[in-house]
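input.txt follows; it contains compact mmCIF, C-alpha atoms.
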# COMPACT_ATOMS: atom_id res chain seq x y z
CA MET V 29 24.59 -7.33 38.35
CA MET V 30 25.57 -5.37 35.27
CA GLN V 31 27.33 -6.43 32.05
CA THR V 32 29.81 -3.96 30.58
CA GLU V 33 31.10 -3.57 27.03
CA ALA V 34 33.27 -0.89 25.37
CA ARG V 35 31.53 0.64 22.33
CA SER V 36 32.11 3.89 20.41
CA GLU V 37 34.40 5.30 23.10
CA MET V 38 31.69 4.66 25.66
CA LEU V 39 31.49 2.00 28.32
CA VAL V 40 28.07 0.41 27.87
CA ILE V 41 26.50 -0.96 31.03
CA LYS V 42 23.54 -3.31 30.81
CA PRO V 43 21.71 -3.95 34.11
CA ASP V 44 19.96 -7.32 34.24
CA HIS V 45 17.43 -6.20 36.83
CA ASP V 46 14.85 -3.50 37.35
CA ILE V 47 16.26 -0.20 38.58
CA VAL V 48 14.15 0.03 41.72
CA ALA V 49 14.82 0.69 45.39
CA SER V 50 15.79 -2.89 46.25
CA HIS V 51 18.66 -2.75 43.72
CA THR V 52 19.78 0.85 43.72
CA GLU V 53 22.39 0.71 46.48
CA ALA V 54 24.32 -2.09 44.76
CA MET V 55 24.00 -0.31 41.42
CA ARG V 56 25.19 2.97 42.92
CA GLN V 57 28.29 1.24 44.27
CA GLU V 58 29.04 -0.43 40.91
CA LEU V 59 28.66 2.82 39.00
CA GLN V 60 30.77 4.77 41.48
CA ALA V 61 33.48 2.12 41.17
CA LEU V 62 33.49 2.51 37.38
CA VAL V 63 33.71 6.29 37.63
CA GLY V 64 36.49 5.85 40.19
CA GLN V 65 38.36 3.84 37.54
CA ASN V 66 38.02 6.87 35.22
CA HIS V 67 35.27 5.43 33.06
CA VAL V 68 33.59 8.78 32.59
CA ASN V 69 31.74 8.24 29.30
CA LEU V 70 29.02 5.83 30.31
CA ALA V 71 26.00 4.46 28.48
CA ILE V 72 23.35 2.61 30.48
CA ASP V 73 21.42 0.19 28.26
CA LEU V 74 17.90 -0.43 29.58
CA GLY V 75 17.20 -3.31 27.19
CA ASP V 76 16.68 -5.80 30.02
CA VAL V 77 14.96 -3.38 32.41
CA GLN V 78 11.19 -3.50 32.93
CA MET V 79 10.73 -0.92 35.69
CA ILE V 80 12.35 2.21 37.12
CA ASP V 81 11.19 3.96 40.30
CA SER V 82 12.10 7.26 41.94
CA LYS V 83 15.15 5.74 43.67
CA GLY V 84 16.27 4.46 40.30
CA LEU V 85 15.85 7.88 38.74
CA ALA V 86 18.04 9.30 41.49
CA ILE V 87 20.80 6.86 40.49
CA PHE V 88 20.78 8.17 36.92
CA MET V 89 21.09 11.74 38.17
CA LEU V 90 23.87 10.80 40.57
CA CYS V 91 25.73 9.06 37.76
CA HIS V 92 25.25 12.06 35.47
CA LYS V 93 26.67 14.40 38.11
CA SER V 94 29.62 12.08 38.80
CA VAL V 95 30.73 11.71 35.18
CA SER V 96 30.04 15.36 34.34
CA ALA V 97 32.28 16.45 37.20
CA LYS V 98 35.08 14.53 35.52
CA GLY V 99 34.40 15.89 32.05
CA GLY V 100 32.47 12.86 30.85
CA ARG V 101 28.88 12.21 29.90
CA LEU V 102 26.01 9.82 30.50
CA VAL V 103 23.81 8.37 27.76
CA VAL V 104 20.73 6.27 28.53
CA LEU V 105 19.83 3.76 25.83
CA THR V 106 16.19 2.77 25.58
CA ALA V 107 13.50 2.21 22.96
CA ASN V 108 10.82 1.89 25.63
CA PRO V 109 8.29 4.73 25.16
CA ASP V 110 7.26 4.57 28.83
CA PHE V 111 10.86 5.12 29.92
CA LYS V 112 11.36 7.93 27.38
CA GLN V 113 8.28 9.67 28.71
CA LEU V 114 9.38 9.13 32.31
CA PHE V 115 12.78 10.76 31.70
CA HIS V 116 11.07 13.60 29.86
CA ILE V 117 8.41 14.46 32.41
CA MET V 118 11.01 14.36 35.17
CA ARG V 119 13.13 16.74 33.04
CA MET V 120 16.09 14.41 33.19
CA ASP V 121 16.52 14.33 29.41
CA GLU V 122 17.57 17.98 29.69
CA HIS V 123 20.67 16.88 31.57
CA PHE V 124 21.74 13.70 29.83
CA THR V 125 20.98 12.09 26.47
CA VAL V 126 18.22 9.52 26.18
CA ALA V 127 18.56 7.69 22.85
CA GLU V 128 17.71 4.38 21.21
CA THR V 129 21.26 3.69 20.02
CA LEU V 130 24.77 5.15 20.35
CA MET J 6 4.98 -11.80 56.47
CA PHE J 7 3.24 -11.55 53.11
CA GLU J 8 -0.47 -12.40 53.02
CA THR J 9 -2.82 -12.00 50.09
CA ASN J 10 -6.52 -12.11 49.39
CA TRP J 11 -7.57 -12.05 45.74
CA THR J 12 -11.18 -11.69 44.52
CA SER J 13 -12.58 -10.97 41.07
CA ASN J 14 -12.02 -7.23 41.27
CA GLU J 15 -9.84 -6.70 44.32
CA LEU J 16 -6.40 -7.72 45.55
CA ARG J 17 -5.42 -7.21 49.17
CA ILE J 18 -1.89 -7.64 50.49
CA ARG J 19 -0.73 -7.43 54.09
CA MET J 20 3.06 -7.49 54.40
CA SER J 21 6.08 -6.66 56.49
CA ALA J 22 7.67 -3.36 55.57
CA SER J 23 10.59 -4.30 53.32
CA LEU J 24 11.81 -3.39 49.85
CA GLU J 25 11.85 -7.08 48.88
CA ASN J 26 8.15 -7.32 49.71
CA ASN J 27 7.55 -4.26 47.53
CA ASP J 28 9.05 -6.22 44.62
CA GLN J 29 6.82 -9.20 45.42
CA ALA J 30 3.74 -6.97 45.67
CA ASP J 31 4.57 -5.35 42.32
CA ALA J 32 4.86 -8.76 40.66
CA LEU J 33 1.57 -9.94 42.17
CA VAL J 34 -0.31 -6.78 41.19
CA SER J 35 1.07 -7.09 37.64
CA GLU J 36 -0.31 -10.64 37.52
CA PHE J 37 -3.65 -9.40 38.91
CA LEU J 38 -3.89 -6.77 36.15
CA VAL J 39 -3.21 -9.41 33.49
CA GLN J 40 -5.59 -11.99 34.95
CA THR J 41 -8.43 -9.48 35.34
CA ASP J 42 -7.68 -7.90 31.95
CA ALA J 43 -7.94 -4.52 33.67
CA PRO J 44 -8.22 -1.68 31.11
CA VAL J 45 -5.31 0.25 32.58
CA ASP J 46 -1.96 1.63 31.56
CA ARG J 47 0.05 -0.99 33.41
CA PHE J 48 3.25 1.05 33.50
CA ALA J 49 1.42 3.98 35.10
CA VAL J 50 -0.22 1.70 37.67
CA ARG J 51 3.13 0.10 38.51
CA ILE J 52 4.73 3.53 38.97
CA LEU J 53 1.93 4.54 41.35
CA LEU J 54 2.14 1.26 43.23
CA ARG J 55 5.93 1.39 43.51
CA GLU J 56 5.99 4.96 44.80
CA ALA J 57 3.16 4.49 47.29
CA LEU J 58 4.79 1.33 48.70
CA LEU J 59 8.26 2.90 48.72
CA ASN J 60 6.88 5.87 50.62
CA ALA J 61 5.17 3.58 53.15
CA VAL J 62 8.16 1.30 53.68
CA THR J 63 10.86 3.97 53.69
CA HIS J 64 9.28 7.11 55.15
CA GLY J 65 6.37 5.57 57.03
CA CYS J 66 8.03 2.50 58.53
CA GLY J 67 11.73 3.33 58.34
CA LYS J 68 12.30 -0.02 56.57
CA ASP J 69 11.51 -1.75 59.89
CA PRO J 70 10.22 -5.26 59.02
CA GLU J 71 8.34 -5.31 62.32
CA GLN J 72 6.09 -2.63 60.84
CA GLU J 73 3.24 -3.52 58.52
CA VAL J 74 1.99 -2.25 55.17
CA ARG J 75 -1.48 -2.95 53.80
CA LEU J 76 -2.30 -2.58 50.13
CA CYS J 77 -5.65 -2.84 48.40
CA VAL J 78 -5.92 -2.69 44.61
CA ARG J 79 -9.52 -2.37 43.52
CA LEU J 80 -11.09 -2.23 40.06
CA GLU J 81 -14.05 0.18 40.12
CA PRO J 82 -16.35 0.86 37.16
CA ASP J 83 -14.39 3.89 35.96
CA ALA J 84 -11.02 3.69 37.68
CA ILE J 85 -8.42 1.61 39.44
CA VAL J 86 -7.84 2.50 43.08
CA LEU J 87 -4.63 1.85 45.02
CA ASP J 88 -5.04 2.15 48.79
CA VAL J 89 -1.82 1.94 50.83
CA GLN J 90 -1.66 2.16 54.62
CA ASP J 91 1.31 1.66 56.92
CA SER J 92 1.64 1.22 60.67
CA GLY J 93 4.26 3.95 61.02
CA PRO J 94 3.65 7.38 62.53
CA GLY J 95 3.19 8.96 59.10
CA PHE J 96 5.09 11.87 57.62
CA LEU J 97 4.51 15.55 57.01
CA TRP J 98 3.30 15.19 53.44
CA GLN J 99 1.74 18.65 53.68
CA ASP J 100 5.23 20.16 53.99
CA ARG J 101 6.60 18.33 51.00
CA ASN J 102 6.10 20.13 47.77
CA THR J 103 5.27 17.75 44.95
CA THR J 104 7.70 19.61 42.73
CA PHE J 105 11.40 18.97 43.14
CA ASP J 106 14.88 19.99 42.12
CA VAL J 107 15.72 17.82 39.11
CA LEU J 108 19.39 17.76 40.15
CA GLY J 109 18.54 16.94 43.78
CA ASP J 110 18.39 13.60 45.51
CA GLY J 111 14.75 13.36 46.58
CA GLY J 112 11.19 14.52 46.08
CA ARG J 113 10.54 12.54 42.92
CA GLY J 114 8.20 9.99 44.49
CA LEU J 115 5.41 12.41 45.36
CA ALA J 116 5.81 14.13 42.00
CA LEU J 117 5.40 10.80 40.20
CA MET J 118 2.29 9.94 42.22
CA ARG J 119 0.78 13.30 41.32
CA ILE J 120 1.66 13.02 37.63
CA TYR J 121 0.52 9.43 37.05
CA SER J 122 -2.70 9.53 39.11
CA SER J 123 -6.03 11.18 38.45
CA ASN J 124 -6.36 11.90 42.15
CA MET J 125 -4.11 11.50 45.23
CA THR J 126 -5.38 11.78 48.80
CA PHE J 127 -3.40 11.46 52.04
CA ASN J 128 -4.93 11.21 55.48
CA GLU J 129 -3.95 13.83 58.05
CA ALA J 130 -1.24 11.69 59.64
CA GLY J 131 0.36 10.82 56.31
CA ASN J 132 0.32 7.04 56.75
CA HIS J 133 -2.58 6.32 54.38
CA VAL J 134 -2.71 7.30 50.73
CA VAL J 135 -5.41 6.59 48.17
CA LEU J 136 -4.44 6.88 44.51
CA ARG J 137 -7.12 6.80 41.87
CA ARG J 138 -6.44 6.50 38.16
CA ARG J 139 -9.32 6.69 35.69
CA TYR J 140 -9.32 4.17 32.87
CA ASP J 141 -9.68 6.98 30.33
CA SER J 142 -6.70 8.94 31.70
CA ALA J 143 -4.00 10.11 29.35
CA ALA J 144 -0.71 8.32 30.04
CA VAL J 145 0.38 11.19 32.28
CA CYS J 146 -0.97 14.64 33.01
CA PRO J 147 0.14 17.11 30.31
CA CYS J 148 2.85 18.71 32.39
CA THR J 149 6.34 18.03 33.61
CA ALA J 150 7.09 17.34 37.26
CA ASP J 151 7.57 21.02 38.00
CA GLY J 152 4.22 21.90 36.54
CA GLU J 153 5.23 23.27 33.15
CA GLN J 154 3.10 22.32 30.18
CA THR J 155 4.79 19.99 27.71

As structure tokens, please, write out the structure in this file.
Amino acid sequence: MMQTEARSEMLVIKPDHDIVASHTEAMRQELQALVGQNHVNLAIDLGDVQMIDSKGLAIFMLCHKSVSAKGGRLVVLTANPDFKQLFHIMRMDEHFTVAETL
Amino acid sequence: MFETNWTSNELRIRMSASLENNDQADALVSEFLVQTDAPVDRFAVRILLREALLNAVTHGCGKDPEQEVRLCVRLEPDAIVLDVQDSGPGFLWQDRNTTFDVLGDGGRGLALMRIYSSNMTFNEAGNHVVLRRRYDSAAVCPCTADGEQT
């Protein structure tokens, strides 16, 4: 389940669960539905997320590719230093923005 | 099936191969780390645990709940050891490079296990992995997933 909110010309999505393998298929479907509705500037707020695994990382990259193909962009919002480091070592922050706020 | 055996420095879990059981195992191991006051980077340990279990359940057992996964988390004097075995036929881990295409769909799990562990050992068949992380380890090794220094 994800809450959504329009902010600064972005649609902010706030998952209320960890982004791990048991949740990624449902999350992939929800994100693809949003992109299908032409929401192409997406921000994913990790404020309520405690854990991300490799399947979760794949969802971020899939989302990035989907919105980029439509001229949009993905921003990941997190103040968690573990998550920032994870996105950095996996070189994902070279492809989309990882920031604390919009 | 989800069976546990918890001692002062060791947690053993025997479970059916399912993603839901992976979540349950992660929660239990997190509680074990708190209760034992283990001197570990808990995020790093959870990453290692998650990826080893995901590999076992998905690649080893094909998400077949009739298959079984065994986990042992052990606190040794200088390191925490995660030992994960599955009843599947294994996989050709030798053929899988631990680097990956950042834009691709897969390959991140092995890279994460390499980066967050001090040592990773698979058996020949590929259905048993032992991950060791020293207590004095840096958060991650000083390189990105494709081996470049940061």

Margin query: Can you measure atom CA of J:Glu15 to atom CA of J:Asp31 for me? One decimal in Å is fine.
Written below: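 Atom CA of J:Asp31 lies at a distance of 14.6 Å from atom CA of J:Glu15.
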
Box for stretch 71-80 of chain V: with edges along x, y and z, all listed atoms inside and 8 Å added on each side, what are the centre and edge lengths in Å to one decimal, as JSON?
{"center_x": 18.4, "center_y": -0.7, "center_z": 32.2, "size_x": 31.3, "size_y": 26.3, "size_z": 25.9}

Notebook entry, point to check: Using all atoms listed in the file, what residues lie at most 10 Å away from (30.2, 2.1, 25.0) (file coordinates), given as a PyMOL selection string?
Noted result: chain V and resi 32-41+69-73+103+130

Could you produce a table of the residues of stretch 58-93 of chain V lying within 10 Å of stretch 107-119 of chain V, with the nearest pair of atoms per residue and their separation in Å rounded to one decimal, using only C-alpha atoms, ordered by chain and increasing residue number, as CSV?
residue,atom,partner,partner_atom,distance
V:Asp73,CA,V:Ala107,CA,9.7
V:Leu74,CA,V:Ala107,CA,8.4
V:Gly75,CA,V:Ala107,CA,7.9
V:Val77,CA,V:Asn108,CA,9.5
V:Gln78,CA,V:Asn108,CA,9.1
V:Met79,CA,V:Phe111,CA,8.4
V:Ile80,CA,V:Phe111,CA,7.9
V:Asp81,CA,V:Leu114,CA,9.7
V:Ser82,CA,V:Met118,CA,9.9
V:Leu85,CA,V:Phe115,CA,8.2
V:Phe88,CA,V:Phe115,CA,9.9

Item checked: Gap from atom CA of J:Asn14 to atom CA of J:Ala61 - Å, one decimal ->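 Atom CA of J:Ala61 lies 23.5 Å from atom CA of J:Asn14.
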
Checklist line | J:Arg75, J:Arg47, J:Lys68, J:Arg55 ranked by distance to J:Ile18, top pick (using only C-alpha atoms) | finding: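 The closest residue to J:Ile18 is J:Arg75.
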
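Atom to atom, atom CA of J:Gln72 and atom CA of J:Gly114 stand 20.8 Å apart.
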
Check: In terms of the shortest atom-to-atom distance over all atoms listed in the file, which of J:Ala143, J:Met125, J:Leu76, J:Ala49 is closest to chain V?
Finding: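 Looking only at the distances to chain V, the closest residue turns out to be J:Ala49.
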
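Between J:Leu59 and the candidates V:Met89, V:Met30, V:Ala49, V:Leu62, the tightest atom-to-atom separation, counting only C-alpha atoms, involves V:Ala49.
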
Next item on the list: Could you tell me which of J:Val89, J:Leu24, J:Val134, J:Met6 comes closest to chain V if we count only C-alpha atoms?
Entry: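 For chain V, the nearest of the candidates is J:Leu24.
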
J:Tyr140: which residues within 7 Å, counting all atoms listed in the file, same-chain residues fewer than 3 positions away excluded, as a PDB file with C-alpha atoms, in the coordinates of the input?
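part.pdb, written as the output of this step:
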ATOM      1  CA  PRO J  44      -8.220  -1.680  31.110  1.00  0.00           C
ATOM      2  CA  VAL J  45      -5.310   0.250  32.580  1.00  0.00           C
ATOM      3  CA  ASP J  83     -14.390   3.890  35.960  1.00  0.00           C
ATOM      4  CA  ALA J  84     -11.020   3.690  37.680  1.00  0.00           C
TER       5      ALA J  84
END

Note to self: Please list as a list in words every residue within 6 Å of J:Val135, counting all atoms listed in the file and excluding residues in the same chain fewer than 5 positions away.
What the structure shows: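 In the requested format, the answer is Leu87, Asp88, Met125 and Thr126 of chain J.
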
Item checked: Nearest-residue call for chain J, choices V:Gln57, V:Asn66, V:Ser94, V:Thr129, using all atoms listed in the file -> V:Ser94

Taking the partial coordinates given, rebuild stretch 39-52 of chain V to contain N, CA and C atoms; return it as a PDB file, keeping the file's coordinate frame.
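The result, stored in selection.pdb:
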ATOM      1  N   LEU V  39      31.640   3.279  27.628  1.00  0.00           N
ATOM      2  CA  LEU V  39      31.490   2.000  28.320  1.00  0.00           C
ATOM      3  C   LEU V  39      29.995   1.764  28.478  1.00  0.00           C
ATOM      4  N   VAL V  40      29.508   0.706  27.829  1.00  0.00           N
ATOM      5  CA  VAL V  40      28.070   0.410  27.870  1.00  0.00           C
ATOM      6  C   VAL V  40      27.795  -0.553  29.014  1.00  0.00           C
ATOM      7  N   ILE V  41      26.868  -0.166  29.850  1.00  0.00           N
ATOM      8  CA  ILE V  41      26.500  -0.960  31.030  1.00  0.00           C
ATOM      9  C   ILE V  41      25.076  -1.453  30.838  1.00  0.00           C
ATOM     10  N   LYS V  42      24.872  -2.756  31.026  1.00  0.00           N
ATOM     11  CA  LYS V  42      23.540  -3.310  30.810  1.00  0.00           C
ATOM     12  C   LYS V  42      23.049  -4.006  32.084  1.00  0.00           C
ATOM     13  N   PRO V  43      22.260  -3.307  32.905  1.00  0.00           N
ATOM     14  CA  PRO V  43      21.710  -3.950  34.110  1.00  0.00           C
ATOM     15  C   PRO V  43      20.787  -5.108  33.732  1.00  0.00           C
ATOM     16  N   ASP V  44      20.838  -6.179  34.515  1.00  0.00           N
ATOM     17  CA  ASP V  44      19.960  -7.320  34.240  1.00  0.00           C
ATOM     18  C   ASP V  44      18.817  -7.400  35.244  1.00  0.00           C
ATOM     19  N   HIS V  45      18.494  -6.249  35.814  1.00  0.00           N
ATOM     20  CA  HIS V  45      17.430  -6.200  36.830  1.00  0.00           C
ATOM     21  C   HIS V  45      16.718  -4.856  36.720  1.00  0.00           C
ATOM     22  N   ASP V  46      15.544  -4.778  37.310  1.00  0.00           N
ATOM     23  CA  ASP V  46      14.850  -3.500  37.350  1.00  0.00           C
ATOM     24  C   ASP V  46      15.652  -2.498  38.181  1.00  0.00           C
ATOM     25  N   ILE V  47      15.505  -1.222  37.857  1.00  0.00           N
ATOM     26  CA  ILE V  47      16.260  -0.200  38.580  1.00  0.00           C
ATOM     27  C   ILE V  47      15.300   0.424  39.593  1.00  0.00           C
ATOM     28  N   VAL V  48      15.099  -0.328  40.660  1.00  0.00           N
ATOM     29  CA  VAL V  48      14.150   0.030  41.720  1.00  0.00           C
ATOM     30  C   VAL V  48      14.860  -0.045  43.062  1.00  0.00           C
ATOM     31  N   ALA V  49      14.179   0.444  44.093  1.00  0.00           N
ATOM     32  CA  ALA V  49      14.820   0.690  45.390  1.00  0.00           C
ATOM     33  C   ALA V  49      15.599  -0.507  45.934  1.00  0.00           C
ATOM     34  N   SER V  50      15.111  -1.722  45.687  1.00  0.00           N
ATOM     35  CA  SER V  50      15.790  -2.890  46.250  1.00  0.00           C
ATOM     36  C   SER V  50      17.137  -3.154  45.589  1.00  0.00           C
ATOM     37  N   HIS V  51      17.403  -2.524  44.449  1.00  0.00           N
ATOM     38  CA  HIS V  51      18.660  -2.750  43.720  1.00  0.00           C
ATOM     39  C   HIS V  51      19.550  -1.524  43.634  1.00  0.00           C
ATOM     40  N   THR V  52      19.047  -0.377  44.046  1.00  0.00           N
ATOM     41  CA  THR V  52      19.780   0.850  43.720  1.00  0.00           C
ATOM     42  C   THR V  52      21.078   1.010  44.497  1.00  0.00           C
TER      43      THR V  52
END
